[in-house]
>>> print(open('coords_0.txt').read())   # compact mmCIF, C-alpha atoms and all ligand atoms
# COMPACT_ATOMS: atom_id res chain seq x y z
CA MET A 1 -44.06 -16.35 9.62
CA SER A 2 -40.82 -14.74 8.47
CA ILE A 3 -40.65 -11.12 7.47
CA ILE A 4 -38.72 -10.49 4.26
CA GLU A 5 -36.58 -7.37 4.56
CA PRO A 6 -36.84 -5.07 1.54
CA ALA A 7 -33.58 -5.18 -0.41
CA VAL A 8 -31.29 -2.28 0.49
CA GLU A 9 -30.10 -0.55 -2.59
CA VAL A 10 -26.32 -0.46 -2.87
CA ASP A 11 -24.68 2.29 -4.88
CA GLY A 12 -22.00 0.41 -6.88
CA GLU A 13 -19.89 3.49 -7.36
CA LYS A 14 -19.85 4.30 -3.63
CA LEU A 15 -19.04 0.67 -2.91
CA MET A 16 -16.00 0.76 -5.19
CA GLN A 17 -14.89 4.10 -3.72
CA PHE A 18 -14.96 2.48 -0.30
CA VAL A 19 -13.09 -0.60 -1.52
CA PHE A 20 -10.33 1.57 -3.01
CA ARG A 21 -10.14 3.62 0.17
CA ALA A 22 -9.72 0.33 2.01
CA VAL A 23 -6.84 -0.66 -0.31
CA ASP A 24 -5.07 2.52 0.75
CA GLU A 25 -5.81 1.72 4.40
CA VAL A 26 -4.34 -1.78 4.11
CA GLY A 27 -1.21 -0.27 2.57
CA ALA A 28 -1.11 2.27 5.40
CA ALA A 29 -1.59 -0.40 8.07
CA LEU A 30 1.29 -2.45 6.65
CA ASN A 31 3.37 0.70 6.38
CA ALA A 32 3.50 0.97 10.18
CA ALA A 33 5.74 -2.12 10.12
CA LEU A 34 7.75 -0.78 7.18
CA VAL A 35 8.37 2.60 8.84
CA VAL A 36 9.59 0.90 12.02
CA MET A 37 11.79 -1.30 9.81
CA GLY A 38 13.22 1.74 8.00
CA ASP A 39 13.85 3.45 11.31
CA LYS A 40 15.47 0.50 13.08
CA LEU A 41 17.59 -0.60 10.09
CA GLY A 42 18.80 2.98 9.51
CA LEU A 43 17.33 3.08 5.99
CA TYR A 44 15.77 6.54 6.33
CA ARG A 45 18.89 7.98 7.92
CA ALA A 46 21.08 6.65 5.10
CA LEU A 47 18.67 8.04 2.48
CA ALA A 48 18.50 11.41 4.25
CA GLY A 49 22.24 11.81 4.02
CA ALA A 50 22.38 11.09 0.28
CA ARG A 51 21.15 12.77 -2.90
CA GLY A 52 19.81 9.57 -4.38
CA LEU A 53 20.69 5.91 -3.90
CA SER A 54 20.07 2.68 -5.75
CA SER A 55 18.71 -0.19 -3.71
CA ALA A 56 22.16 -1.82 -3.85
CA GLU A 57 23.84 1.33 -2.52
CA LEU A 58 21.31 1.68 0.29
CA ALA A 59 21.72 -1.98 1.22
CA GLU A 60 25.49 -1.62 1.23
CA ARG A 61 25.45 1.49 3.40
CA THR A 62 23.11 -0.08 5.96
CA GLY A 63 24.47 -3.62 5.98
CA THR A 64 21.17 -5.05 4.76
CA SER A 65 20.04 -7.37 1.99
CA GLU A 66 19.47 -5.69 -1.39
CA ARG A 67 16.45 -7.80 -2.31
CA TYR A 68 14.59 -6.85 0.88
CA VAL A 69 15.63 -3.22 0.60
CA ARG A 70 14.46 -2.98 -3.01
CA GLU A 71 10.99 -4.21 -2.10
CA TRP A 72 10.86 -1.90 0.94
CA LEU A 73 11.91 1.08 -1.23
CA ASN A 74 9.18 0.39 -3.78
CA ALA A 75 6.55 0.22 -1.05
CA GLN A 76 7.88 3.50 0.36
CA ALA A 77 7.84 5.11 -3.09
CA ALA A 78 4.27 3.95 -3.76
CA GLY A 79 3.19 5.53 -0.47
CA GLY A 80 4.94 8.85 -1.09
CA PHE A 81 7.43 8.41 1.74
CA VAL A 82 10.35 8.13 -0.71
CA SER A 83 10.81 9.56 -4.24
CA TYR A 84 11.78 7.33 -7.14
CA ASP A 85 13.66 8.56 -10.22
CA ALA A 86 12.84 6.10 -13.00
CA ALA A 87 15.63 7.40 -15.27
CA SER A 88 18.43 6.65 -12.79
CA GLY A 89 16.67 3.94 -10.80
CA CYS A 90 17.58 5.87 -7.64
CA TYR A 91 15.53 6.63 -4.54
CA SER A 92 15.68 9.73 -2.36
CA LEU A 93 14.00 11.16 0.70
CA PRO A 94 12.28 14.54 0.10
CA PRO A 95 13.51 17.15 2.64
CA GLU A 96 10.19 17.23 4.55
CA GLN A 97 10.11 13.42 4.84
CA ALA A 98 13.75 13.52 5.95
CA VAL A 99 12.83 15.84 8.84
CA ALA A 100 9.74 13.86 9.85
CA LEU A 101 11.48 10.49 9.65
CA THR A 102 14.99 11.23 10.90
CA ASP A 103 15.17 14.42 12.98
CA SER A 104 14.28 13.39 16.54
CA ASP A 105 14.47 17.04 17.68
CA SER A 106 11.70 18.13 15.30
CA PRO A 107 8.10 18.40 16.59
CA ALA A 108 7.15 16.65 13.33
CA TYR A 109 9.25 13.56 14.14
CA LEU A 110 7.15 10.46 13.39
CA PRO A 111 8.93 7.14 14.01
CA GLY A 112 7.71 6.90 17.62
CA PHE A 113 4.10 7.30 16.45
CA PHE A 114 4.52 4.31 14.13
CA GLN A 115 6.43 2.32 16.74
CA ILE A 116 3.67 2.63 19.35
CA ALA A 117 1.08 1.86 16.64
CA LEU A 118 2.94 -1.28 15.58
CA GLY A 119 3.40 -2.39 19.20
CA SER A 120 -0.33 -1.93 19.77
CA VAL A 121 -1.15 -4.03 16.70
CA ILE A 122 1.28 -6.74 17.81
CA ASP A 123 -0.60 -6.99 21.10
CA SER A 124 -4.05 -6.81 19.51
CA PRO A 125 -4.85 -10.57 19.69
CA LYS A 126 -4.56 -10.31 23.49
CA ILE A 127 -6.84 -7.27 23.51
CA MET A 128 -9.36 -9.16 21.35
CA GLU A 129 -9.57 -11.79 24.08
CA LYS A 130 -10.08 -9.13 26.73
CA ALA A 131 -12.83 -7.56 24.64
CA ARG A 132 -14.81 -10.79 25.07
CA SER A 133 -14.32 -11.01 28.81
CA GLY A 134 -14.22 -7.30 29.67
CA VAL A 135 -11.06 -7.85 31.70
CA GLY A 136 -8.32 -5.23 31.42
CA PHE A 137 -4.75 -5.43 30.08
CA GLY A 138 -2.11 -3.45 31.95
CA TRP A 139 0.35 -0.99 30.41
CA HIS A 140 3.18 -3.12 31.83
CA GLU A 141 1.96 -6.19 29.89
CA HIS A 142 2.61 -4.67 26.47
CA VAL A 143 5.58 -5.30 24.19
CA HIS A 144 8.57 -2.97 24.49
CA ASP A 145 7.65 -1.12 21.26
CA VAL A 146 4.60 0.29 23.05
CA HIS A 147 6.70 1.71 25.91
CA GLU A 148 9.57 3.01 23.79
CA GLY A 149 7.23 4.15 21.00
CA CYS A 150 5.22 6.12 23.56
CA GLU A 151 8.33 7.93 24.75
CA ARG A 152 9.51 8.66 21.22
CA PHE A 153 6.03 9.77 20.09
CA PHE A 154 5.38 12.21 22.94
CA ARG A 155 8.88 13.61 23.47
CA PRO A 156 8.95 15.82 20.32
CA GLY A 157 5.70 17.51 21.38
CA TYR A 158 6.96 18.06 24.92
CA ASN A 159 10.24 19.41 23.47
CA ALA A 160 8.33 21.90 21.37
CA HIS A 161 5.72 23.07 23.88
CA LEU A 162 6.38 22.20 27.52
CA ILE A 163 9.01 24.77 28.48
CA VAL A 164 8.06 27.59 26.12
CA GLU A 165 4.24 27.37 26.20
CA TRP A 166 2.68 25.02 28.73
CA LEU A 167 4.56 25.86 31.94
CA PRO A 168 4.44 29.64 31.25
CA ALA A 169 0.65 29.34 30.78
CA LEU A 170 0.30 28.24 34.43
CA ASP A 171 -0.22 30.94 37.03
CA GLY A 172 3.10 31.77 38.77
CA VAL A 173 4.69 28.37 38.21
CA VAL A 174 7.73 29.41 36.13
CA GLU A 175 8.83 31.89 38.83
CA LYS A 176 8.73 29.09 41.42
CA LEU A 177 10.64 26.71 39.14
CA GLU A 178 13.30 29.36 38.56
CA ARG A 179 13.68 30.03 42.31
CA GLY A 180 13.71 26.32 43.17
CA ALA A 181 10.60 24.17 43.42
CA LEU A 182 9.74 20.61 44.33
CA VAL A 183 8.05 18.80 41.43
CA ALA A 184 6.44 15.37 41.10
CA ASP A 185 5.81 13.94 37.62
CA ILE A 186 3.27 11.12 37.97
CA GLY A 187 2.91 8.33 35.38
CA CYS A 188 6.24 9.55 34.03
CA GLY A 189 6.97 6.51 31.83
CA HIS A 190 10.53 6.83 30.50
CA GLY A 191 10.79 10.28 32.09
CA ALA A 192 10.97 12.44 28.94
CA SER A 193 8.87 15.24 30.49
CA THR A 194 10.63 15.05 33.89
CA ILE A 195 14.08 15.34 32.34
CA LEU A 196 13.09 18.21 30.05
CA MET A 197 11.82 20.20 33.05
CA ALA A 198 14.96 19.36 35.03
CA GLN A 199 17.17 20.58 32.19
CA ALA A 200 15.25 23.86 32.01
CA TYR A 201 15.13 24.59 35.77
CA ALA A 202 18.47 23.94 37.44
CA ASN A 203 17.35 25.13 40.91
CA SER A 204 14.42 22.73 41.14
CA THR A 205 14.19 19.11 42.27
CA PHE A 206 12.15 16.50 40.43
CA ALA A 207 10.60 13.18 41.42
CA GLY A 208 9.22 10.95 38.68
CA PHE A 209 6.82 8.14 39.62
CA ASP A 210 5.29 5.33 37.61
CA TYR A 211 3.83 1.98 38.63
CA HIS A 212 5.72 0.23 35.78
CA ASP A 213 9.11 -1.01 37.06
CA ARG A 214 10.83 -1.32 33.65
CA SER A 215 9.80 2.22 32.68
CA ILE A 216 11.33 3.54 35.90
CA GLU A 217 14.54 1.62 35.22
CA THR A 218 14.75 3.18 31.73
CA ALA A 219 13.93 6.64 33.13
CA ARG A 220 16.85 6.34 35.58
CA GLY A 221 19.16 5.53 32.68
CA ARG A 222 17.83 8.52 30.70
CA ALA A 223 18.49 10.82 33.68
CA GLN A 224 22.10 9.58 33.86
CA GLU A 225 22.58 10.16 30.14
CA ALA A 226 21.15 13.68 30.47
CA GLU A 227 23.38 14.35 33.51
CA VAL A 228 20.51 15.47 35.71
CA ALA A 229 20.34 12.40 37.97
CA GLU A 230 21.39 14.30 41.11
CA ARG A 231 18.22 16.47 40.91
CA VAL A 232 15.89 13.87 39.38
CA GLY A 233 14.81 10.73 41.22
CA PHE A 234 12.69 8.06 39.56
CA ASN A 235 10.77 5.62 41.72
CA ILE A 236 8.09 2.98 41.34
CA ALA A 237 4.77 4.17 42.79
CA PRO A 238 1.13 4.14 41.75
CA ALA A 239 -0.54 7.52 41.31
CA ALA A 240 -2.71 7.22 44.41
CA GLN A 241 0.24 6.35 46.68
CA TYR A 242 3.39 8.14 45.56
CA PRO A 243 5.53 9.38 48.47
CA GLY A 244 6.44 12.90 49.54
CA ALA A 245 4.52 16.06 50.32
CA GLY A 246 4.80 19.81 49.92
CA TYR A 247 5.10 19.66 46.13
CA ASP A 248 4.91 23.03 44.37
CA LEU A 249 3.97 21.37 41.11
CA VAL A 250 2.55 17.96 40.26
CA THR A 251 2.39 17.00 36.60
CA MET A 252 0.66 14.21 34.68
CA PHE A 253 1.45 13.78 31.02
CA ASP A 254 -0.94 11.68 28.94
CA CYS A 255 -1.66 9.27 31.77
CA LEU A 256 -4.62 10.40 33.92
CA HIS A 257 -7.11 8.70 31.57
CA ASP A 258 -5.05 5.46 31.75
CA MET A 259 -5.64 5.13 35.48
CA GLY A 260 -8.29 2.88 37.00
CA ASP A 261 -9.05 5.37 39.74
CA PRO A 262 -8.22 8.87 38.48
CA VAL A 263 -10.39 10.41 41.22
CA GLY A 264 -8.31 8.59 43.87
CA ALA A 265 -5.19 9.90 42.12
CA ALA A 266 -6.63 13.43 42.18
CA HIS A 267 -7.30 13.10 45.94
CA HIS A 268 -3.70 12.05 46.47
CA VAL A 269 -2.36 14.95 44.41
CA LEU A 270 -4.39 17.30 46.61
CA GLN A 271 -2.92 15.76 49.77
CA THR A 272 0.68 16.01 48.53
CA LEU A 273 0.48 19.49 47.00
CA ARG A 274 1.30 22.70 48.88
CA PRO A 275 -1.83 24.84 49.47
CA ASP A 276 -0.54 27.27 46.80
CA GLY A 277 0.64 24.43 44.52
CA THR A 278 -0.44 23.59 40.99
CA TRP A 279 -1.40 20.35 39.26
CA MET A 280 -0.75 20.39 35.52
CA ILE A 281 -2.65 17.78 33.55
CA VAL A 282 -1.75 17.07 29.93
CA GLU A 283 -4.32 14.94 28.14
CA PRO A 284 -4.90 13.90 24.52
CA HIS A 285 -6.77 16.54 22.51
CA ALA A 286 -10.47 15.74 22.45
CA GLY A 287 -13.88 17.36 22.32
CA ASP A 288 -16.58 16.36 24.80
CA ARG A 289 -18.83 14.63 22.26
CA VAL A 290 -18.12 11.69 19.96
CA GLN A 291 -19.00 13.79 16.92
CA ASP A 292 -16.30 16.33 17.91
CA ASN A 293 -13.62 13.64 17.59
CA LEU A 294 -14.52 12.06 14.27
CA ASN A 295 -11.40 13.40 12.58
CA PRO A 296 -7.91 11.98 11.86
CA VAL A 297 -6.48 12.77 15.33
CA GLY A 298 -9.59 11.41 17.03
CA ARG A 299 -9.43 8.33 14.88
CA ALA A 300 -5.85 7.55 15.91
CA TYR A 301 -6.62 8.28 19.56
CA TYR A 302 -9.82 6.19 19.64
CA ALA A 303 -7.75 3.34 18.14
CA PHE A 304 -4.99 3.73 20.74
CA SER A 305 -7.69 4.00 23.36
CA THR A 306 -9.23 0.69 22.26
CA LEU A 307 -5.89 -1.13 22.26
CA LEU A 308 -3.99 0.62 25.08
CA CYS A 309 -5.73 3.19 27.29
CA THR A 310 -9.11 1.58 27.98
CA PRO A 311 -7.62 -1.88 28.72
CA ALA A 312 -4.98 -0.22 30.94
CA SER A 313 -7.61 1.50 33.08
CA LEU A 314 -9.82 -1.60 33.20
CA SER A 315 -6.83 -3.60 34.51
CA GLN A 316 -6.60 -1.39 37.61
CA GLU A 317 -8.77 -1.07 40.69
CA GLY A 318 -11.65 1.30 39.91
CA GLY A 319 -11.57 0.61 36.17
CA LEU A 320 -13.17 3.97 35.34
CA ALA A 321 -11.89 3.74 31.75
CA LEU A 322 -12.12 7.40 30.78
CA GLY A 323 -10.60 6.59 27.40
CA ALA A 324 -8.12 8.71 25.48
CA GLN A 325 -10.91 10.93 24.15
CA ALA A 326 -12.43 11.84 27.51
CA GLY A 327 -12.64 15.58 26.76
CA GLU A 328 -12.44 18.61 29.02
CA THR A 329 -15.79 18.22 30.79
CA ARG A 330 -15.07 14.68 31.93
CA ILE A 331 -11.54 15.59 33.08
CA ARG A 332 -12.93 18.57 35.00
CA GLU A 333 -15.46 16.28 36.76
CA VAL A 334 -12.66 13.91 37.82
CA VAL A 335 -10.47 16.76 39.09
CA GLN A 336 -13.33 18.35 41.03
CA ALA A 337 -14.41 15.00 42.46
CA GLY A 338 -10.82 14.75 43.76
CA GLY A 339 -11.38 17.94 45.76
CA PHE A 340 -9.88 20.64 43.55
CA THR A 341 -11.84 23.89 43.30
CA HIS A 342 -9.96 25.60 40.47
CA PHE A 343 -9.72 24.09 36.97
CA ARG A 344 -9.03 25.74 33.63
CA ARG A 345 -7.69 24.91 30.20
CA VAL A 346 -4.43 26.82 29.71
CA ALA A 347 -3.08 25.57 26.37
CA GLU A 348 -3.69 23.19 23.50
CA THR A 349 -1.98 21.72 20.45
CA PRO A 350 -3.52 19.49 17.76
CA PHE A 351 -2.54 16.51 19.95
CA ASN A 352 -2.89 17.73 23.54
CA LEU A 353 -5.04 19.70 25.97
CA VAL A 354 -3.29 21.25 28.98
CA PHE A 355 -5.16 21.96 32.21
CA GLU A 356 -4.30 23.79 35.43
CA ALA A 357 -5.87 22.57 38.67
CA ARG A 358 -5.39 24.21 42.04
CA PRO A 359 -6.72 23.37 45.54
C1 LIG A 401 0.69 6.80 27.81
S1 LIG A 401 1.91 6.52 29.01
C2 LIG A 401 2.61 8.15 29.24
C3 LIG A 401 3.97 8.10 29.84
C4 LIG A 401 4.65 9.45 30.04
N1 LIG A 401 3.92 10.29 30.94
C5 LIG A 401 4.84 10.15 28.72
O1 LIG A 401 4.17 11.15 28.49
O2 LIG A 401 5.68 9.71 27.91
C6 LIG A 401 0.97 6.28 30.47
C7 LIG A 401 1.84 6.01 31.69
O3 LIG A 401 0.99 5.99 32.83
C8 LIG A 401 1.46 4.98 33.70
N2 LIG A 401 0.36 4.61 34.60
C9 LIG A 401 -0.83 4.09 34.28
N3 LIG A 401 -1.58 3.91 35.37
C10 LIG A 401 -0.84 4.35 36.42
C11 LIG A 401 -1.07 4.43 37.82
N4 LIG A 401 -2.22 4.06 38.34
N5 LIG A 401 -0.09 4.93 38.59
C12 LIG A 401 1.09 5.33 38.06
N6 LIG A 401 1.36 5.27 36.75
C13 LIG A 401 0.41 4.80 35.93
C14 LIG A 401 1.90 3.87 32.76
O4 LIG A 401 2.77 2.95 33.37
C15 LIG A 401 2.56 4.68 31.65
O5 LIG A 401 3.92 4.87 31.89
>>> encode(input="coords_0.txt", output="structure tokens")
Amino acid sequence: MSIIEPAVEVDGEKLMQFVFRAVDEVGAALNAALVVMGDKLGLYRALAGARGLSSAELAERTGTSERYVREWLNAQAAGGFVSYDAASGCYSLPPEQAVALTDSDSPAYLPGFFQIALGSVIDSPKIMEKARSGVGFGWHEHVHDVHEGCERFFRPGYNAHLIVEWLPALDGVVEKLERGALVADIGCGHGASTILMAQAYANSTFAGFDYHDRSIETARGRAQEAEVAERVGFNIAPAAQYPGAGYDLVTMFDCLHDMGDPVGAAHHVLQTLRPDGTWMIVEPHAGDRVQDNLNPVGRAYYAFSTLLCTPASLSQEGGLALGAQAGETRIREVVQAGGFTHFRRVAETPFNLVFEARP
């Protein structure tokens, strides 16, 4: 005998509200590709330097095809990224959009955020397969836009906060860095954080480690460009096995949750740190409970976590898969399981939590 479910009443108005919200979301999803296009083709930079341009003028200044550029401009105008003046037929970039889309020194700089989002979407069919099998997908397996987008997304925040807020919030660390300290930056990626610290503290020596060979190669190039290569070494090493000992400071920027065995990594940090040393852990901003993270930042981070962080951890031995929204309590448990006795939150921004751990 079959049981007939009572019909669920659907509110037509709410349904249409949701459909129209979804239209906006589809536009936004496609816009990730358009923002990366505008960034890579120099369209935003050309607009930022002009009062108002026609599509033909923008195409001419950027060496692109007018027909493509016109369509791109109209999509940008419909999304509020670009302003359109119907009387003149010209497009311009409002000053705030110009900062967010072209000023790589601003903490509001956005192209890297879109680039890592687009790279994640490009790789999503592979993640879909892994979601069936439960097998992981390593950070090194992603397209270049994920690696470069990551660097470009995080660097503005590190620029704004690392030297002036985060390091000074740690007990006694700035004094050591000024005198001359030995620092290891684990999971350093392209080395943005390592190089920033090296530029700020000329008496200290820095070692950046990452298991991803191509990231280390890029980091070495970045150190040369920044003229700090004699005090900054970049080498391939997994977090639980990096070389050296007697570090005054070990740092991990947005990578502990990506590791398969973060407790093993914590153990290794303890072994390589001086007894009076400090481990600084920067993690994505998150509350402990799901309901704390059901907001725009949590939404983006849960999405990145689905496509990048969780598969990365599952691809490694241990496969703990903390996820990008692990929260303070979970991070504390990992750090304490690694043998650290002191743990406290020292700083936060809308995107990051910063912790201090000591032996
Ligand atoms: C989200 S990225 C952050 C990169 C860099 N710290 C930054 O803030 O730009 C995570 C980094 O952790 C590295 N990683 C993941 N698991 C690792 C492990 N077990 N040992 C060393 N590095 C690891 C990845 O290769 C990647 O570069």
>>> atom_distance(input="coords_0.txt", atom1="CA of Ala239 (chain A)", atom2="CA of Ala265 (chain A)")
5.3 Å
>>> atom_distance(input="coords_0.txt", atom1="atom N3 of ligand LIG 401 (chain A)", atom2="CA of Val263 (chain A)")
12.4 Å
>>> residues_near_ligand(input="coords_0.txt", ligand="ligand LIG 401 (chain A)", cutoff="7 Å", atoms="all atoms listed in the file", output="PDB file with C-alpha atoms, in the coordinates of the input")
ATOM      1  CA  TRP A 139       0.350  -0.990  30.410  1.00  0.00           C
ATOM      2  CA  HIS A 140       3.180  -3.120  31.830  1.00  0.00           C
ATOM      3  CA  CYS A 150       5.220   6.120  23.560  1.00  0.00           C
ATOM      4  CA  GLU A 151       8.330   7.930  24.750  1.00  0.00           C
ATOM      5  CA  PHE A 154       5.380  12.210  22.940  1.00  0.00           C
ATOM      6  CA  ARG A 155       8.880  13.610  23.470  1.00  0.00           C
ATOM      7  CA  ILE A 186       3.270  11.120  37.970  1.00  0.00           C
ATOM      8  CA  GLY A 187       2.910   8.330  35.380  1.00  0.00           C
ATOM      9  CA  CYS A 188       6.240   9.550  34.030  1.00  0.00           C
ATOM     10  CA  GLY A 189       6.970   6.510  31.830  1.00  0.00           C
ATOM     11  CA  HIS A 190      10.530   6.830  30.500  1.00  0.00           C
ATOM     12  CA  GLY A 191      10.790  10.280  32.090  1.00  0.00           C
ATOM     13  CA  ALA A 192      10.970  12.440  28.940  1.00  0.00           C
ATOM     14  CA  SER A 193       8.870  15.240  30.490  1.00  0.00           C
ATOM     15  CA  PHE A 209       6.820   8.140  39.620  1.00  0.00           C
ATOM     16  CA  ASP A 210       5.290   5.330  37.610  1.00  0.00           C
ATOM     17  CA  TYR A 211       3.830   1.980  38.630  1.00  0.00           C
ATOM     18  CA  HIS A 212       5.720   0.230  35.780  1.00  0.00           C
ATOM     19  CA  SER A 215       9.800   2.220  32.680  1.00  0.00           C
ATOM     20  CA  ALA A 237       4.770   4.170  42.790  1.00  0.00           C
ATOM     21  CA  PRO A 238       1.130   4.140  41.750  1.00  0.00           C
ATOM     22  CA  ALA A 239      -0.540   7.520  41.310  1.00  0.00           C
ATOM     23  CA  ALA A 240      -2.710   7.220  44.410  1.00  0.00           C
ATOM     24  CA  MET A 252       0.660  14.210  34.680  1.00  0.00           C
ATOM     25  CA  PHE A 253       1.450  13.780  31.020  1.00  0.00           C
ATOM     26  CA  ASP A 254      -0.940  11.680  28.940  1.00  0.00           C
ATOM     27  CA  CYS A 255      -1.660   9.270  31.770  1.00  0.00           C
ATOM     28  CA  ASP A 258      -5.050   5.460  31.750  1.00  0.00           C
ATOM     29  CA  MET A 259      -5.640   5.130  35.480  1.00  0.00           C
ATOM     30  CA  GLY A 260      -8.290   2.880  37.000  1.00  0.00           C
ATOM     31  CA  ALA A 312      -4.980  -0.220  30.940  1.00  0.00           C
ATOM     32  CA  SER A 313      -7.610   1.500  33.080  1.00  0.00           C
TER      33      SER A 313
END
>>> atom_distance(input="coords_0.txt", atom1="CA of Leu177 (chain A)", atom2="CA of Phe206 (chain A)")
10.4 Å
>>> closest_residue(input="coords_0.txt", among="A:Glu66, A:Glu333, A:Asp85, A:Glu356", to="Asp171 (chain A)", atoms="all atoms listed in the file")
A:Glu356
>>> axis_aligned_box(input="coords_0.txt", around="region 144-154 of chain A", padding_each_side="4 Å", output="lines of an AutoDock Vina configuration file")
center_x = 7.1
center_y = 4.6
center_z = 23.0
size_x = 13.0
size_y = 23.2
size_z = 13.8
>>> closest_residue(input="coords_0.txt", among="A:Ala321, A:Ala7, A:Leu308, A:Val183", to="Met280 (chain A)", atoms="all atoms listed in the file")
A:Val183
>>> residues_around(input="coords_0.txt", residues="Ile195 (chain A)", least_positions_apart="3", cutoff="9 Å", atoms="only C-alpha atoms", output="ChimeraX atom specification")
/A:191-192,198-200,206,219,222-223,226,228-229,232
>>> closest_residue(input="coords_0.txt", among="A:Val354, A:Val297, A:Val146, A:Ala77", to="Glu328 (chain A)", atoms="all atoms listed in the file")
A:Val354
>>> residues_around(input="coords_0.txt", residues="Leu34 (chain A)", least_positions_apart="6", cutoff="12 Å", atoms="only C-alpha atoms", output="list in words")
Gly27, Ala28, Lys40, Leu41, Gly42, Leu43, Tyr44, Tyr68, Val69, Glu71, Trp72, Leu73, Asn74, Ala75, Gln76, Ala77, Gly79, Phe81, Pro111, Phe114, Gln115, Ala117 and Leu118 of chain A
>>> residues_near_point(input="coords_0.txt", point="(12.5, 31.3, 40.5)", cutoff="12 Å", atoms="all atoms listed in the file", output="list in words")
Gly172, Val173, Val174, Glu175, Lys176, Leu177, Glu178, Arg179, Gly180, Ala181, Leu182, Ala200, Tyr201, Ala202, Asn203, Ser204 and Asp248 of chain A
